[in-house]
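Please read the structure below before turning to the comments.
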Amino acid sequence: MKKTKRGRPPKDLAGDAQARILDAAQQLFLEKGFRSASIDDISELAPASKPTIYAHFPGKEALFAAVVARSIDGLTDFEGFSPEGRTIEDKLMSLGTAIIDRVIEESLGMVRATIAESQRFPELSRNVHDAARDRSLAAVSQWLDNATQKLARSPRGPFSAKRSRATAQIFLDLILLPMLFRSLIGEPPKDLKKELPGFVRERVGFFLAACESDW
């Protein structure tokens, strides 16, 4: 087997060097943990020379922060997302299911890694929490505003705009937190997926009933 040549990547790969470094770092942080994953390991897996890595990231701590930030960006990016269904209940169920799926399928590993390193990187952990919360709230509250304006003729009527962010927080707390906690303590994703339709339907019903006074 021909050994991979180390050093500066070819010109046609130079543009995606940062992405390759982040991909390799994420894989190794999840497999080995922050302490055990080395820059040498990341350099070999990327592949990218150590000078190339340090040209993009000052050190392993900065690389870990960048990996976590990229994961959060993907988790909270709902641009172009269009919930399915005709009624507001159906659309909220579609939105809630999509949020839980992203956490369980795409970002749970990085959430665990961030929690595991919270003592080493307390500021990073707080920033990750704040960024995820703020981006998620902005996306959900915007979607709620748009959806209820389109459904203004429905018997339920629109949400109050002045409370859209608080309403979005309630929705996220009801939908996401229970499933996230159960995932973090090790419940198998396949078991959670089986419960998901009934769970989301129940929580959406409770959410809409709680918001009756805001209509």
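Every chain in the structure tokens has a letter given in the order shown (A, B, ...), and although residue numbers restart at 1 in each chain, ligands are simply numbered from 1 in the order shown.
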
Could you pull the residues within 7 Å of Ser141 (chain A), counting only C-alpha atoms, minus those fewer than 4 positions along the same chain, as number ranges by chain?
A: 137, 145, 164-165, 168

Give me the residues within 10 Å of region 179-183 of chain A as a count of residues only, counting only C-alpha atoms and dropping any in the same chain fewer than 3 places off.
19

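Here CA of Ala98 (chain A) is placed at a distance of 20.2 Å from CA of Ala166 (chain A).
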
Polymer residues at most 8 Å from Val67 (chain A), only C-alpha atoms, same-chain spacing of 6 or more positions, as a ChimeraX atom specification
/A:22,25-26

Neighbour list for Leu45 (chain A) as JSON, numbers by chain, cut-off 12 Å, only C-alpha atoms, skip fewer than 4 positions in-chain:
{"A": [4, 5, 6, 17, 20, 21, 22, 23, 24, 25, 26, 27, 28, 37, 38, 39, 40, 41, 49, 50, 53]}

Sel. of alpha helix (DSSP H) residues, region 21-201 of chain A, as number ranges by chain
A: 21-32, 39-45, 50-56, 60-75, 88-102, 108-116, 122-150, 164-184, 189-201

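If only C-alpha atoms are the atoms counted, then among A:Lys190, A:Arg203, A:Arg102, A:Lys32 the closest residue to Ile72 (chain A) is A:Arg102.
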
Have a look at A:Ile115, A:Ile99, A:Gln18, A:Leu124 and name the one nearest to Ala55 (chain A); count only C-alpha atoms.
A:Gln18

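Across the model, the gap from CA of Gly109 (chain A) to CA of Glu123 (chain A) is 19.3 Å.
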